[in-house]
file coords_7.cif (mmCIF, C-alpha atoms and all ligand atoms)
data_target
loop_
_atom_site.label_atom_id
_atom_site.label_comp_id
_atom_site.auth_asym_id
_atom_site.auth_seq_id
_atom_site.Cartn_x
_atom_site.Cartn_y
_atom_site.Cartn_z
CA MET A 1 -13.53 29.12 30.23
CA LEU A 2 -13.60 26.86 27.19
CA GLU A 3 -11.16 23.95 27.17
CA PRO A 4 -9.01 23.66 24.03
CA SER A 5 -10.47 21.05 21.69
CA ALA A 6 -9.21 17.55 22.42
CA GLN A 7 -10.36 16.32 19.01
CA PRO A 8 -7.60 14.35 17.27
CA HIS A 9 -6.61 15.82 13.92
CA ASP A 10 -5.59 14.02 10.76
CA GLU A 11 -1.84 14.04 10.38
CA VAL A 12 0.57 12.74 7.75
CA ILE A 13 3.07 10.36 9.35
CA ARG A 14 5.96 8.26 8.12
CA LEU A 15 6.12 4.64 9.27
CA ARG A 16 9.08 2.29 9.02
CA ARG A 17 9.48 -1.49 9.25
CA ASP A 18 12.98 -2.60 10.14
CA LEU A 19 13.85 -5.75 8.23
CA GLY A 20 16.50 -7.00 10.62
CA GLY A 21 14.44 -9.63 12.46
CA ALA A 22 12.45 -12.65 11.31
CA LEU A 23 9.79 -12.02 8.68
CA GLN A 24 6.58 -13.98 8.31
CA ALA A 25 5.78 -15.65 4.97
CA PRO A 26 2.71 -14.11 3.30
CA ALA A 27 -0.42 -16.24 3.72
CA TRP A 28 -2.70 -15.72 0.72
CA PRO A 29 -6.42 -16.30 1.30
CA ALA A 30 -7.79 -19.24 -0.74
CA GLY A 31 -8.49 -18.43 -4.39
CA PHE A 32 -6.18 -15.41 -4.63
CA VAL A 33 -2.90 -15.40 -6.55
CA LEU A 34 -0.02 -12.97 -6.53
CA ARG A 35 2.07 -11.81 -9.48
CA THR A 36 3.81 -8.65 -10.54
CA LEU A 37 2.80 -6.17 -13.24
CA SER A 38 3.68 -7.51 -16.67
CA SER A 39 1.28 -6.25 -19.35
CA ALA A 40 -0.82 -3.35 -20.62
CA PRO A 41 -4.03 -4.97 -19.27
CA ASP A 42 -2.34 -5.21 -15.83
CA ALA A 43 -1.63 -1.48 -15.96
CA ALA A 44 -5.24 -0.74 -16.92
CA SER A 45 -6.55 -2.92 -14.06
CA LEU A 46 -4.19 -1.23 -11.61
CA HIS A 47 -5.32 2.23 -12.65
CA ALA A 48 -8.97 1.19 -12.29
CA LEU A 49 -8.34 -0.20 -8.80
CA LEU A 50 -6.43 2.87 -7.59
CA THR A 51 -9.05 5.30 -8.85
CA GLU A 52 -11.79 3.20 -7.22
CA VAL A 53 -10.05 2.94 -3.84
CA PHE A 54 -8.70 6.51 -3.67
CA PRO A 55 -11.60 8.85 -4.58
CA GLU A 56 -9.30 11.90 -4.72
CA ARG A 57 -7.61 10.26 -7.73
CA ARG A 58 -10.83 9.61 -9.63
CA ASP A 59 -10.10 12.27 -12.25
CA GLU A 60 -6.59 11.00 -13.01
CA THR A 61 -6.55 9.76 -16.61
CA PHE A 62 -4.85 6.49 -17.43
CA ASP A 63 -2.40 8.12 -19.84
CA ALA A 64 -1.24 10.82 -17.41
CA TRP A 65 -0.98 8.32 -14.54
CA TRP A 66 0.92 5.73 -16.56
CA GLN A 67 3.30 8.30 -18.04
CA GLU A 68 4.19 9.60 -14.57
CA LEU A 69 4.48 6.14 -12.99
CA SER A 70 6.39 4.31 -15.71
CA THR A 71 8.93 7.08 -16.27
CA ASP A 72 9.72 7.55 -12.58
CA ALA A 73 13.37 6.68 -11.86
CA GLU A 74 12.21 4.57 -8.90
CA PHE A 75 9.60 2.57 -10.83
CA ASP A 76 10.14 -1.18 -11.19
CA PRO A 77 7.29 -3.41 -12.40
CA ALA A 78 8.76 -6.22 -10.26
CA LEU A 79 7.84 -4.11 -7.22
CA CYS A 80 4.28 -3.63 -8.39
CA PHE A 81 2.52 -6.52 -6.64
CA LEU A 82 -0.91 -7.50 -7.92
CA VAL A 83 -3.33 -9.96 -6.34
CA PHE A 84 -6.00 -11.50 -8.55
CA ASP A 85 -9.20 -13.25 -7.46
CA ALA A 86 -10.47 -16.60 -8.76
CA GLU A 87 -12.24 -14.87 -11.68
CA GLY A 88 -9.04 -13.10 -12.72
CA GLY A 89 -10.08 -9.69 -11.41
CA LEU A 90 -7.54 -7.47 -9.70
CA ALA A 91 -8.42 -7.49 -5.99
CA ALA A 92 -5.45 -5.76 -4.37
CA THR A 93 -2.11 -4.12 -4.96
CA ALA A 94 1.04 -2.92 -3.27
CA GLN A 95 3.07 -0.62 -5.50
CA CYS A 96 6.55 0.24 -4.27
CA TRP A 97 9.43 2.46 -5.31
CA THR A 98 12.95 1.02 -5.56
CA SER A 99 14.01 3.16 -2.57
CA ALA A 100 12.26 0.59 -0.32
CA TYR A 101 9.18 2.75 -0.11
CA LEU A 102 5.58 1.50 -0.25
CA LYS A 103 3.77 4.03 -2.40
CA ASP A 104 0.23 2.58 -2.55
CA LEU A 105 -1.53 -0.24 -0.72
CA ALA A 106 -5.09 -0.81 -1.88
CA VAL A 107 -7.62 -3.63 -1.53
CA LYS A 108 -10.98 -3.59 -3.34
CA PRO A 109 -13.81 -2.96 -0.86
CA ASP A 110 -15.39 -6.38 -1.47
CA ALA A 111 -12.08 -8.19 -0.85
CA ARG A 112 -11.19 -6.51 2.45
CA ARG A 113 -10.83 -8.24 5.84
CA LEU A 114 -9.65 -11.48 4.25
CA GLY A 115 -5.97 -10.96 5.00
CA LEU A 116 -4.87 -9.56 1.60
CA GLY A 117 -3.51 -6.33 3.07
CA GLU A 118 -1.43 -8.23 5.62
CA ALA A 119 -0.15 -10.77 3.05
CA LEU A 120 0.85 -7.94 0.70
CA LEU A 121 2.80 -6.22 3.46
CA TRP A 122 4.74 -9.41 4.26
CA GLN A 123 5.39 -9.77 0.52
CA VAL A 124 6.76 -6.21 0.35
CA PHE A 125 8.97 -6.73 3.42
CA ALA A 126 10.37 -9.96 1.95
CA ALA A 127 11.01 -8.35 -1.46
CA PHE A 128 13.05 -5.51 0.03
CA HIS A 129 14.85 -7.82 2.46
CA ALA A 130 15.92 -9.88 -0.57
CA ARG A 131 17.21 -6.66 -2.20
CA GLY A 132 19.32 -5.90 0.88
CA ALA A 133 17.24 -3.02 2.26
CA ALA A 134 17.46 -2.31 5.99
CA HIS A 135 13.88 -1.07 6.22
CA VAL A 136 10.68 -0.25 4.32
CA ASP A 137 8.96 3.15 4.69
CA LEU A 138 5.60 4.63 3.79
CA LYS A 139 3.55 7.72 4.50
CA THR A 140 -0.05 7.65 5.63
CA HIS A 141 -2.76 9.68 7.38
CA THR A 142 -3.51 8.96 11.03
CA LEU A 143 -7.31 9.36 10.74
CA GLU A 144 -8.18 9.04 7.05
CA ASN A 145 -6.24 5.77 6.87
CA ARG A 146 -6.82 4.56 10.42
CA ASP A 147 -7.62 0.97 9.29
CA ALA A 148 -4.32 0.86 7.43
CA VAL A 149 -2.38 2.37 10.34
CA ARG A 150 -3.71 -0.36 12.65
CA LEU A 151 -2.50 -2.99 10.17
CA TYR A 152 0.91 -1.33 9.71
CA GLU A 153 1.51 -1.12 13.45
CA ARG A 154 0.38 -4.71 13.99
CA LEU A 155 3.05 -5.81 11.52
CA GLY A 156 5.77 -3.89 13.36
CA MET A 157 5.85 -0.55 11.54
CA ARG A 158 6.86 2.34 13.79
CA ARG A 159 6.72 6.11 13.42
CA VAL A 160 9.88 7.92 12.26
CA PRO A 161 10.45 11.62 11.45
CA LEU A 162 8.70 12.75 8.24
CA GLU A 163 11.96 13.99 6.60
C1 LIG A 201 -6.16 -0.71 4.69
C2 LIG A 201 -6.43 -1.86 3.71
C3 LIG A 201 -5.30 -1.93 2.69
C4 LIG A 201 -6.48 -3.17 4.51
O1 LIG A 201 -6.65 -4.25 3.60
P1 LIG A 201 -7.32 -5.64 4.05
O2 LIG A 201 -7.07 -6.61 2.96
O3 LIG A 201 -8.71 -5.43 4.48
O4 LIG A 201 -6.40 -5.99 5.32
P2 LIG A 201 -6.44 -7.34 6.17
O5 LIG A 201 -7.58 -8.19 5.72
O6 LIG A 201 -5.09 -7.93 6.19
O7 LIG A 201 -6.73 -6.77 7.64
C5 LIG A 201 -7.85 -5.92 7.87
C6 LIG A 201 -8.65 -6.42 9.07
O8 LIG A 201 -9.30 -7.65 8.75
C7 LIG A 201 -9.00 -8.62 9.73
N1 LIG A 201 -9.01 -9.93 9.08
C8 LIG A 201 -8.04 -10.44 8.29
N2 LIG A 201 -8.41 -11.68 7.86
C9 LIG A 201 -9.63 -11.91 8.38
C10 LIG A 201 -10.52 -12.99 8.29
N3 LIG A 201 -10.24 -14.08 7.58
N4 LIG A 201 -11.71 -12.90 8.95
C11 LIG A 201 -12.01 -11.79 9.68
N5 LIG A 201 -11.19 -10.72 9.78
C12 LIG A 201 -10.02 -10.79 9.15
C13 LIG A 201 -7.66 -8.21 10.27
O9 LIG A 201 -7.39 -8.74 11.54
C14 LIG A 201 -7.80 -6.70 10.30
O10 LIG A 201 -8.54 -6.37 11.43
P3 LIG A 201 -8.51 -4.90 12.12
O11 LIG A 201 -9.09 -3.94 11.12
O12 LIG A 201 -9.36 -5.04 13.31
O13 LIG A 201 -7.07 -4.57 12.41
C15 LIG A 201 -7.79 -1.67 2.99
O14 LIG A 201 -8.78 -1.44 3.95
C16 LIG A 201 -7.81 -0.52 1.97
O15 LIG A 201 -7.48 -0.71 0.80
N6 LIG A 201 -8.22 0.68 2.45
C17 LIG A 201 -8.32 1.85 1.58
C18 LIG A 201 -6.99 2.32 1.04
C19 LIG A 201 -6.01 2.68 2.11
O16 LIG A 201 -6.33 3.25 3.15
N7 LIG A 201 -4.74 2.32 1.85
C20 LIG A 201 -3.64 2.64 2.70
C21 LIG A 201 -3.21 4.03 2.43
S1 LIG A 201 -1.81 4.44 3.41
#
call {"tool": "encode", "arguments": {"input": "coords_7.cif", "output": "structure tokens"}}
result
Amino acid sequence: MLEPSAQPHDEVIRLRRDLGGALQAPAWPAGFVLRTLSSAPDAASLHALLTEVFPERRDETFDAWWQELSTDAEFDPALCFLVFDAEGGLAATAQCWTSAYLKDLAVKPDARRLGLGEALLWQVFAAFHARGAAHVDLKTHTLENRDAVRLYERLGMRRVPLE
């Protein structure tokens, strides 16, 4: 008799970081600087980064994307964290909704494994702690985003019901 397949399957999960305990200060790798979204060129760079990192969004036009993002009731440019490299290129982003929700975390392929993803997460936790949030949530895929899941869990994010 054939055994049922033990292959893991890709699943959407919700992860949560409680902000009650001590938080680590973000440690930015040398040569990288953080600021928040503040101009039309920032928006264009962010769109280019997101469509590069998430292939399923490659066909999303800038105008449609920006219209949807900037008119969302939970959009706040102060929660759109951008990390630039020494040449001024956008290397990474964490874009959050005001509901203490991390919508997109993305690091350019050539800037990965330097600590930018981790530093951005600490930045996001600190920003929502300062706004009085009890926790930060996100949704991700267990297999498709397995590198990200490892990072999230290392920084204390834990699975909660999807809602
Ligand atoms: C997931 C993602 C955001 C991680 O970004 P990152 O900047 O590479 O993250 P970090 O550098 O903080 O950590 C990644 C790894 O590099 C390691 N690392 C960090 N600094 C390092 C250094 N100086 N030298 C060597 N390794 C280092 C970390 O320990 C971690 O190791 P692990 O994969 O074994 O856990 C990035 O891979 C990405 O954009 N992926 C595609 C988009 C995506 O999946 N987004 C999340 C959707 S939910």
call {"tool": "residues_around", "arguments": {"input": "coords_7.cif", "residues": "range 129-145 of chain A", "least_positions_apart": "2", "cutoff": "10 Å", "atoms": "all atoms listed in the file", "output": "JSON, numbers by chain"}}
result
{"A": [8, 9, 10, 11, 12, 13, 14, 15, 16, 17, 18, 19, 20, 23, 96, 98, 99, 100, 101, 102, 103, 104, 105, 121, 123, 124, 125, 126, 127, 147, 148, 149, 150, 152, 157, 158, 159, 160, 162]}
call {"tool": "residues_around", "arguments": {"input": "coords_7.cif", "residues": "Arg35 in chain A", "least_positions_apart": "3", "cutoff": "7 Å", "atoms": "all atoms listed in the file", "output": "NGL selection string"}}
result
:A and (81-83)
call {"tool": "closest_residue", "arguments": {"input": "coords_7.cif", "among": "A:Phe54, A:Trp97, A:Phe75, A:Phe32", "to": "ligand LIG 201 (chain A)", "atoms": "only C-alpha atoms and all ligand atoms"}}
result
A:Phe54
call {"tool": "residues_near_point", "arguments": {"input": "coords_7.cif", "point": "(0.8, -15.6, 6.3)", "cutoff": "8 Å", "atoms": "all atoms listed in the file", "output": "NGL selection string"}}
result
:A and (24-28 or 118-119 or 122)
call {"tool": "closest_residue", "arguments": {"input": "coords_7.cif", "among": "A:Ala43, A:Val33, A:Leu120, A:Ala106", "to": "Ala86 in chain A", "atoms": "all atoms listed in the file"}}
result
A:Val33
call {"tool": "atom_distance", "arguments": {"input": "coords_7.cif", "atom1": "CA of Asp85 in chain A", "atom2": "CA of Pro109 in chain A"}}
result
13.1 Å
call {"tool": "axis_aligned_box", "arguments": {"input": "coords_7.cif", "around": "ligand LIG 201 (chain A)", "padding_each_side": "4 Å", "output": "AutoDock Vina command-line options"}}
result
--center_x -6.9 --center_y -4.8 --center_z 7.1 --size_x 18.2 --size_y 26.5 --size_z 20.5
call {"tool": "residues_near_point", "arguments": {"input": "coords_7.cif", "point": "(2.1, 7.0, -14.5)", "cutoff": "12 Å", "atoms": "only C-alpha atoms", "output": "VMD selection string"}}
result
chain A and resid 43 to 44 46 to 47 50 60 to 77 95
call {"tool": "atom_distance", "arguments": {"input": "coords_7.cif", "atom1": "atom O9 of ligand LIG 201 (chain A)", "atom2": "CA of Gly31 in chain A"}}
result
18.7 Å
call {"tool": "atom_distance", "arguments": {"input": "coords_7.cif", "atom1": "CA of Gly89 in chain A", "atom2": "CA of Phe128 in chain A"}}
result
26.1 Å
call {"tool": "closest_residue", "arguments": {"input": "coords_7.cif", "among": "A:Leu49, A:Glu163, A:Asp42, A:Leu79", "to": "ligand LIG 201 (chain A)", "atoms": "only C-alpha atoms and all ligand atoms"}}
result
A:Leu49
call {"tool": "closest_residue", "arguments": {"input": "coords_7.cif", "among": "A:Gly21, A:Leu116, A:Pro161, A:Glu153", "to": "ligand LIG 201 (chain A)", "atoms": "all atoms listed in the file"}}
result
A:Leu116
call {"tool": "closest_residue", "arguments": {"input": "coords_7.cif", "among": "A:Ala111, A:Leu155, A:Ala30, A:Ala48", "to": "ligand LIG 201 (chain A)", "atoms": "all atoms listed in the file"}}
result
A:Ala111
call {"tool": "closest_residue", "arguments": {"input": "coords_7.cif", "among": "A:Arg154, A:Arg112, A:Arg146, A:Arg58", "to": "ligand LIG 201 (chain A)", "atoms": "only C-alpha atoms and all ligand atoms"}}
result
A:Arg112
